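Peer 1: Hey, dropping upload.cif in here, mmCIF, C-alpha atoms:
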```cif
data_model
loop_
_atom_site.label_atom_id
_atom_site.label_comp_id
_atom_site.auth_asym_id
_atom_site.auth_seq_id
_atom_site.Cartn_x
_atom_site.Cartn_y
_atom_site.Cartn_z
CA MET A 30 142.85 135.97 136.75
CA ARG A 31 143.79 135.88 133.06
CA VAL A 32 141.82 138.10 130.65
CA THR A 33 142.02 138.33 126.87
CA VAL A 34 141.06 141.55 125.12
CA LEU A 35 140.01 141.13 121.49
CA GLY A 36 140.77 144.27 119.53
CA THR A 37 143.23 146.98 120.59
CA GLY A 38 141.78 150.05 118.92
CA MET A 39 140.78 153.28 120.65
CA ILE A 40 138.51 151.48 123.12
CA GLY A 41 140.34 148.17 123.41
CA LYS A 42 143.65 149.67 124.45
CA VAL A 43 141.99 151.62 127.27
CA ILE A 44 140.35 148.40 128.48
CA VAL A 45 143.74 146.69 128.48
CA LYS A 46 145.32 149.48 130.52
CA GLU A 47 142.49 149.58 133.07
CA LEU A 48 142.52 145.80 133.49
CA ALA A 49 146.26 145.82 134.13
CA LEU A 50 145.73 148.26 137.02
CA LEU A 51 143.44 145.84 138.88
CA PRO A 52 145.19 143.74 141.55
CA GLY A 53 142.96 140.75 140.84
CA ILE A 54 144.10 140.59 137.21
CA THR A 55 147.38 138.71 136.88
CA HIS A 56 147.71 138.57 133.09
CA VAL A 57 146.18 140.46 130.15
CA VAL A 58 146.51 139.24 126.57
CA ALA A 59 145.96 142.06 124.06
CA VAL A 60 145.06 140.64 120.65
CA ASP A 61 144.70 142.47 117.33
CA GLY A 62 145.11 141.75 113.66
CA GLN A 63 147.71 144.48 113.19
CA GLN A 64 151.14 144.56 114.76
CA ALA A 65 151.14 148.36 114.92
CA ALA A 66 147.92 148.34 116.96
CA VAL A 67 149.33 145.77 119.39
CA ASP A 68 152.57 147.74 119.80
CA ALA A 69 150.66 150.96 120.46
CA CYS A 70 148.52 149.16 123.03
CA LEU A 71 151.53 147.76 124.89
CA ALA A 72 153.15 151.18 125.01
CA PHE A 73 149.93 152.79 126.22
CA ALA A 74 149.34 150.17 128.94
CA GLY A 75 152.93 150.28 130.19
CA SER A 76 152.52 147.16 132.32
CA ALA A 77 154.47 143.93 132.64
CA LYS A 78 151.12 142.15 133.08
CA VAL A 79 150.24 142.76 129.42
CA GLU A 80 151.21 140.42 126.62
CA GLY A 81 150.64 141.36 122.99
CA ARG A 82 149.56 138.93 120.29
CA VAL A 83 148.86 139.39 116.58
CA ALA A 84 146.16 137.10 115.21
CA ASP A 85 143.53 136.97 112.46
CA LEU A 86 140.41 137.59 114.53
CA GLY A 87 138.24 137.10 111.47
CA ALA A 88 138.92 133.34 111.64
CA PRO A 89 136.61 131.49 114.10
CA ASP A 90 139.25 128.86 114.97
CA VAL A 91 141.71 131.63 115.81
CA LEU A 92 139.16 133.29 118.08
CA VAL A 93 138.73 130.01 119.94
CA ASP A 94 142.50 129.60 120.24
CA VAL A 95 143.18 133.06 121.68
CA MET A 96 140.42 132.70 124.29
CA THR A 97 141.22 129.15 125.37
CA GLY A 98 142.95 129.18 128.75
CA SER A 99 141.68 132.61 129.76
CA ASP A 100 139.18 133.09 132.56
CA ALA A 101 137.37 135.83 130.65
CA ALA A 102 137.55 137.85 127.45
CA ILE A 103 136.38 141.29 126.40
CA ALA A 104 135.48 141.79 122.74
CA ALA A 105 136.10 145.28 121.36
CA LEU A 106 135.57 144.13 117.80
CA PRO A 107 133.73 145.32 114.68
CA HIS A 108 130.04 144.39 114.39
CA ALA A 109 130.87 141.82 111.70
CA LEU A 110 133.00 139.78 114.15
CA SER A 111 130.76 140.07 117.22
CA LEU A 112 128.61 136.96 116.76
CA SER A 113 131.66 134.87 115.88
CA ALA A 114 133.30 136.01 119.11
CA VAL A 115 130.30 134.84 121.15
CA GLU A 116 130.28 131.45 119.43
CA ALA A 117 134.04 131.08 119.92
CA ALA A 118 133.80 131.98 123.62
CA ILE A 119 131.29 129.18 124.13
CA GLN A 120 133.58 126.72 122.38
CA ALA A 121 136.59 127.93 124.39
CA LYS A 122 134.55 127.89 127.63
CA CYS A 123 135.63 131.43 128.36
CA HIS A 124 133.37 134.08 129.94
CA LEU A 125 132.83 136.98 127.53
CA VAL A 126 131.85 140.63 127.69
CA ASP A 127 130.93 141.84 124.19
CA LEU A 128 130.75 145.58 123.62
CA VAL A 129 128.66 145.17 120.47
CA GLY A 130 124.87 144.95 120.69
CA SER A 131 123.90 144.08 117.11
CA ARG A 132 122.37 140.71 116.08
CA TYR A 133 120.89 140.37 119.54
CA PRO A 134 118.26 137.69 118.69
CA GLU A 135 120.97 135.45 117.23
CA LYS A 136 123.09 135.87 120.34
CA VAL A 137 120.18 135.12 122.66
CA ALA A 138 119.61 131.91 120.69
CA LEU A 139 123.04 130.76 121.99
CA HIS A 140 121.95 131.06 125.61
CA GLU A 141 121.53 127.34 126.29
CA ARG A 142 124.86 126.53 124.65
CA ALA A 143 126.59 129.08 126.87
CA ARG A 144 124.87 127.70 129.95
CA ALA A 145 125.89 124.15 129.05
CA ALA A 146 129.49 125.36 128.66
CA GLY A 147 129.31 126.93 132.13
CA ILE A 148 130.07 130.44 130.97
CA LEU A 149 128.45 133.87 131.18
CA VAL A 150 128.18 136.01 128.04
CA VAL A 151 127.22 139.67 128.44
CA VAL A 152 126.41 141.32 125.11
CA GLY A 153 125.93 144.98 124.25
CA CYS A 154 128.08 146.13 127.17
CA GLY A 155 129.71 149.26 125.80
CA VAL A 156 128.44 152.84 126.04
CA ALA A 157 125.34 152.57 123.85
CA PRO A 158 124.30 149.84 124.03
CA GLY A 159 125.69 149.23 127.49
CA LEU A 160 125.83 152.01 130.05
CA LEU A 161 122.86 153.69 128.37
CA ASN A 162 120.80 150.50 128.74
CA VAL A 163 121.60 150.18 132.43
CA LEU A 164 120.63 153.79 133.16
CA THR A 165 117.40 153.45 131.17
CA ALA A 166 116.44 150.18 132.83
CA ARG A 167 117.06 151.68 136.26
CA GLY A 168 114.90 154.70 135.42
CA VAL A 169 112.05 152.46 134.28
CA GLU A 170 112.46 150.33 137.41
CA LEU A 171 112.08 153.36 139.69
CA LEU A 172 108.69 154.27 138.19
CA ASP A 173 105.36 152.64 139.03
CA GLU A 174 104.52 152.69 135.33
CA ALA A 175 106.69 153.73 132.37
CA GLU A 176 105.05 155.18 129.26
CA GLU A 177 108.08 156.22 127.24
CA ALA A 178 111.86 156.14 127.42
CA ILE A 179 114.05 158.17 125.06
CA MET A 180 117.80 157.61 125.28
CA TYR A 181 120.26 160.22 124.03
CA CYS A 182 123.90 159.46 123.31
CA GLY A 183 126.60 160.95 121.13
CA GLY A 184 130.36 161.13 120.87
CA LEU A 185 131.08 164.82 120.26
CA PRO A 186 134.54 166.26 119.50
CA ARG A 187 135.99 168.68 122.01
CA HIS A 188 137.10 170.94 119.15
CA PRO A 189 134.59 170.48 116.28
CA GLN A 190 135.79 171.36 112.80
CA PRO A 191 133.78 172.06 109.64
CA PRO A 192 132.24 170.78 107.48
CA LEU A 193 130.87 167.83 109.49
CA TRP A 194 131.58 169.04 113.05
CA TYR A 195 132.35 165.45 114.01
CA GLN A 196 135.26 163.21 114.92
CA VAL A 197 135.08 159.45 114.46
CA VAL A 198 135.33 157.92 117.94
CA PHE A 199 134.16 154.42 116.99
CA ARG A 200 134.85 152.20 114.02
CA LEU A 201 133.75 153.84 110.78
CA GLU A 202 131.57 150.77 110.12
CA SER A 203 129.49 151.62 113.18
CA VAL A 204 129.35 155.33 112.38
CA VAL A 205 128.15 154.79 108.81
CA GLY A 206 125.54 152.34 110.07
CA LEU A 207 123.81 155.21 111.89
CA TYR A 208 123.16 156.92 108.57
CA THR A 209 122.19 153.84 106.56
CA ARG A 210 120.50 151.20 108.73
CA PRO A 211 116.92 151.29 110.11
CA ALA A 212 116.63 152.16 113.79
CA LEU A 213 115.01 149.56 116.03
CA ALA A 214 112.54 150.95 118.58
CA LEU A 215 109.46 150.06 120.63
CA GLU A 216 106.02 151.46 119.83
CA GLN A 217 103.03 150.34 121.92
CA ASP A 218 105.11 147.38 123.12
CA ALA A 219 105.84 146.24 119.54
CA LEU A 220 109.23 146.19 117.83
CA VAL A 221 109.35 148.70 114.96
CA GLU A 222 111.99 150.03 112.60
CA ARG A 223 112.35 153.72 111.84
CA PRO A 224 114.10 155.02 108.71
CA PRO A 225 117.74 156.10 109.09
CA LEU A 226 118.25 159.83 109.74
CA SER A 227 114.59 160.24 110.74
CA GLY A 228 113.14 162.03 113.75
CA LEU A 229 115.43 165.05 113.48
CA GLU A 230 115.09 167.36 116.48
CA ALA A 231 117.00 170.32 117.84
CA CYS A 232 118.45 170.09 121.33
CA THR A 233 120.59 172.42 123.39
CA PHE A 234 123.07 171.53 126.13
CA PRO A 235 124.92 173.77 128.58
CA GLU A 236 128.15 175.31 127.36
CA PRO A 237 130.65 174.37 126.11
CA VAL A 238 128.46 172.00 124.04
CA GLY A 239 125.65 174.34 123.00
CA GLU A 240 123.30 173.77 120.03
CA CYS A 241 122.99 170.20 118.79
CA GLU A 242 120.56 167.95 116.96
CA ALA A 243 119.52 164.31 117.22
CA VAL A 244 118.03 161.56 115.05
CA TYR A 245 116.76 158.05 115.75
CA SER A 246 119.41 155.36 116.07
CA ASP A 247 119.25 151.63 116.80
CA ALA A 248 118.15 150.78 120.35
CA HIS A 249 119.76 147.33 119.95
CA SER A 250 119.22 144.88 122.82
CA VAL A 251 117.38 147.29 125.11
CA ALA A 252 114.39 147.20 122.77
CA TYR A 253 114.10 143.50 123.59
CA THR A 254 115.04 143.54 127.28
CA LEU A 255 112.67 146.39 128.20
CA ARG A 256 109.79 145.18 126.04
CA GLY A 257 106.76 144.80 128.29
CA LYS A 258 108.22 147.21 130.84
CA VAL A 259 107.83 150.44 128.84
CA ARG A 260 105.30 151.13 126.07
CA ARG A 261 107.49 153.29 123.83
CA LEU A 262 111.26 153.32 123.64
CA SER A 263 113.74 154.85 121.25
CA GLU A 264 117.37 155.90 121.09
CA LYS A 265 118.63 159.11 119.56
CA THR A 266 122.17 159.99 118.54
CA VAL A 267 123.37 163.56 119.11
CA ARG A 268 125.62 165.58 116.81
CA PHE A 269 126.45 169.26 116.48
CA LYS A 270 123.88 171.37 114.62
CA GLY A 271 123.93 170.95 110.84
CA HIS A 272 125.70 167.59 110.78
CA PHE A 273 122.79 165.37 109.79
CA ALA A 274 121.70 167.48 106.81
CA LYS A 275 125.15 167.07 105.29
CA MET A 276 125.26 163.35 106.00
CA GLY A 277 121.79 163.04 104.50
CA VAL A 278 123.05 164.50 101.22
CA LEU A 279 125.97 162.05 101.17
CA ALA A 280 123.59 159.17 101.83
CA GLU A 281 121.20 160.33 99.09
CA LEU A 282 124.06 160.50 96.60
CA GLY A 283 125.06 156.93 97.47
CA PHE A 284 128.41 157.71 99.06
CA LEU A 285 127.53 155.80 102.26
CA SER A 286 126.26 152.68 100.50
CA ASP A 287 128.26 149.53 99.87
CA GLU A 288 126.08 148.81 96.83
CA PRO A 289 127.51 149.62 93.36
CA VAL A 290 126.14 152.79 91.80
CA ASN A 291 125.04 152.72 88.16
CA VAL A 292 125.85 155.93 86.32
CA ASP A 293 123.75 156.45 83.18
CA GLY A 294 125.26 158.56 80.45
#
```
For the file at hand, write its structure as structure tokens.
Peer 2:
Amino acid sequence: MRVTVLGTGMIGKVIVKELALLPGITHVVAVDGQQAAVDACLAFAGSAKVEGRVADLGAPDVLVDVMTGSDAAIAALPHALSLSAVEAAIQAKCHLVDLVGSRYPEKVALHERARAAGILVVVGCGVAPGLLNVLTARGVELLDEAEEAIMYCGGLPRHPQPPLWYQVVFRLESVVGLYTRPALALEQDALVERPPLSGLEACTFPEPVGECEAVYSDAHSVAYTLRGKVRRLSEKTVRFKGHFAKMGVLAELGFLSDEPVNVDG
């Protein structure tokens, strides 16, 4: 089986290495836009099964080209390239697992095209969305009736350092989105959007984690897939105590916005 991995960052390179360990996988193509990232991935994987390739993954025709001939692909790409990867997989007739869960309605609209191409596309299949969705859906399934589901997720550094007590473990684009984009949720079986950085609550975990806090974050595809099965649903992202107040100040000052700031006088 030949598999193409799109994106060889922190997550992509681990996927490449794990795929190469599977006896059923005969060839892995690791694709990234930067030569240094591809080289680091090849060194990390340490397998003769892995082939590196540098390509402009922002170009739809290139995405089609790198997936054509593969049995399946895994997209570990930025949110901005996710929908293009799904469309390219359909054109290339290549099964796709997409780690990104954003723009879910637009991806679902491609369902019939994917079926006609004879491929399976699984979207939002990372940690959150992804593993978190599966666990939540299973919990709802085990109950006779589900009133509310609250999902907690957060990438916390092993050795937190001031002032933010955080380490970027995903693309910065995704991290900043938590602080700037509305959070999709379910309320009385209706889709709603909550303001970014809202719903702040304190939470405590066993040591060595300790005191933390959480705010609402985007529930992505699970808000759609569990609609009608649970009345209220939301996701919350966890950080160490004090983090969100500092990020709130940065957001208020405009440092997290991609809009130009007008300075008067």
Peer 1: Convert the output of the PyMOL selection byres ((chain A and resi 205-211) around 7) on the shown file into explicit residues, formatted as a ChimeraX atom specification.
Peer 2: /A:201-204,212-213,222-226,246,285
Peer 1: One decimal, in Å: what's the spacing between CA of Pro192 in chain A and CA of Met39 in chain A?
Peer 2: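 Taking CA of Pro192 in chain A as the start and CA of Met39 in chain A as the end point, the length is 23.5 Å.
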Peer 1: Residues at most 10 Å from Tyr253 in chain A, counting all atoms listed in the file, excluding those fewer than 5 positions away in the same chain, as an NGL selection string?
Peer 2: :A and (133-134 or 213-215 or 218-220 or 248)
Peer 1: Any chance you could resolve the PyMOL selection byres ((chain A and resi 148) around 9) against this file and give the residues as a ChimeraX atom specification?
Peer 2: /A:118-119,122-125,143-147,149-150
Peer 1: Smallest atom-to-atom distance to Glu170 in chain A: which of A:Met30, A:Gly62, A:Leu255, A:Leu71, using all atoms listed in the file?
Peer 2: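 Looking at the shortest contact to Glu170 in chain A, the residue is A:Leu255.
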Peer 1: Can you list, as a PyMOL selection string, the residues that the PyMOL selection byres ((chain A and resi 259) around 8) selects here?
Peer 2: chain A and resi 169+174-178+218+255-258+260-262
Peer 1: Identify the residues around (132.9, 137.3, 120.8) within a radius of 10 Å, measuring from all atoms listed in the file in the coordinates stated by the file, and give them as a PyMOL selection string.
Peer 2: chain A and resi 35+86+89+92-93+96+102-106+108+110-119+123-129+136+150-152
Peer 1: Just give me the gap between CA of Leu185 in chain A and CA of Gly75 in chain A in Å, one decimal is fine.
Peer 2: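 Distance reported for this atom pair: 28.1 Å.
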Peer 1: So what do you get for CA of Glu240 in chain A versus CA of Phe269 in chain A, distance-wise?
Peer 2: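 That distance, rounded to one decimal, is 6.5 Å.
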Peer 1: Just the residues within 12 Å of Ala231 in chain A, please, counting all atoms listed in the file, with nothing from its chain fewer than 2 positions along; format it as a compact mmCIF listing (two decimals) with C-alpha atoms, in the frame of the given file.
Peer 2:
```txt
# COMPACT_ATOMS: atom_id res chain seq x y z
CA GLY A 228 113.14 162.03 113.75
CA LEU A 229 115.43 165.05 113.48
CA THR A 233 120.59 172.42 123.39
CA PHE A 234 123.07 171.53 126.13
CA GLY A 239 125.65 174.34 123.00
CA GLU A 240 123.30 173.77 120.03
CA CYS A 241 122.99 170.20 118.79
CA GLU A 242 120.56 167.95 116.96
CA ALA A 243 119.52 164.31 117.22
CA VAL A 244 118.03 161.56 115.05
CA LYS A 265 118.63 159.11 119.56
CA THR A 266 122.17 159.99 118.54
CA VAL A 267 123.37 163.56 119.11
CA ARG A 268 125.62 165.58 116.81
CA PHE A 269 126.45 169.26 116.48
CA LYS A 270 123.88 171.37 114.62
CA GLY A 271 123.93 170.95 110.84
CA HIS A 272 125.70 167.59 110.78
CA PHE A 273 122.79 165.37 109.79
```
Peer 1: Measuring between all atoms listed in the file, which one of A:His249, A:His188, A:Arg132, A:His140 shows the shortest distance to Leu161 in chain A?
Peer 2: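 Result for the nearest residue to Leu161 in chain A: A:His249.
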Peer 1: For Thr97 in chain A, which of A:Val57, A:Cys232, A:Met180, A:Ala121 is the closest residue, counting all atoms listed in the file?
Peer 2: A:Ala121
Peer 1: For Pro158 in chain A, work out the shell of residues within 10 Å, counting all atoms listed in the file and skipping chain neighbours fewer than 2 positions away, then give it as a PyMOL selection string.
Peer 2: chain A and resi 128-131+152-156+160-163+182+247-251+264
Peer 1: Mind dumping the selected residues with C-alpha atoms as a short mmCIF file (atom, residue, chain, number, x, y, z; two decimals), in the coordinates of the input?
Peer 2:
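That gives us selection36.cif:
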```cif
data_model
loop_
_atom_site.label_atom_id
_atom_site.label_comp_id
_atom_site.auth_asym_id
_atom_site.auth_seq_id
_atom_site.Cartn_x
_atom_site.Cartn_y
_atom_site.Cartn_z
CA LEU A 128 130.75 145.58 123.62
CA VAL A 129 128.66 145.17 120.47
CA GLY A 130 124.87 144.95 120.69
CA SER A 131 123.90 144.08 117.11
CA VAL A 152 126.41 141.32 125.11
CA GLY A 153 125.93 144.98 124.25
CA CYS A 154 128.08 146.13 127.17
CA GLY A 155 129.71 149.26 125.80
CA VAL A 156 128.44 152.84 126.04
CA LEU A 160 125.83 152.01 130.05
CA LEU A 161 122.86 153.69 128.37
CA ASN A 162 120.80 150.50 128.74
CA VAL A 163 121.60 150.18 132.43
CA CYS A 182 123.90 159.46 123.31
CA ASP A 247 119.25 151.63 116.80
CA ALA A 248 118.15 150.78 120.35
CA HIS A 249 119.76 147.33 119.95
CA SER A 250 119.22 144.88 122.82
CA VAL A 251 117.38 147.29 125.11
CA GLU A 264 117.37 155.90 121.09
#
```
Peer 1: Just checking: using all atoms listed in the file, which residue out of A:Leu139, A:Lys275, A:Asp173, A:Ala88 ends up closest to Pro191 in chain A?
Peer 2: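 So, comparing all the options, the nearest one is A:Lys275.
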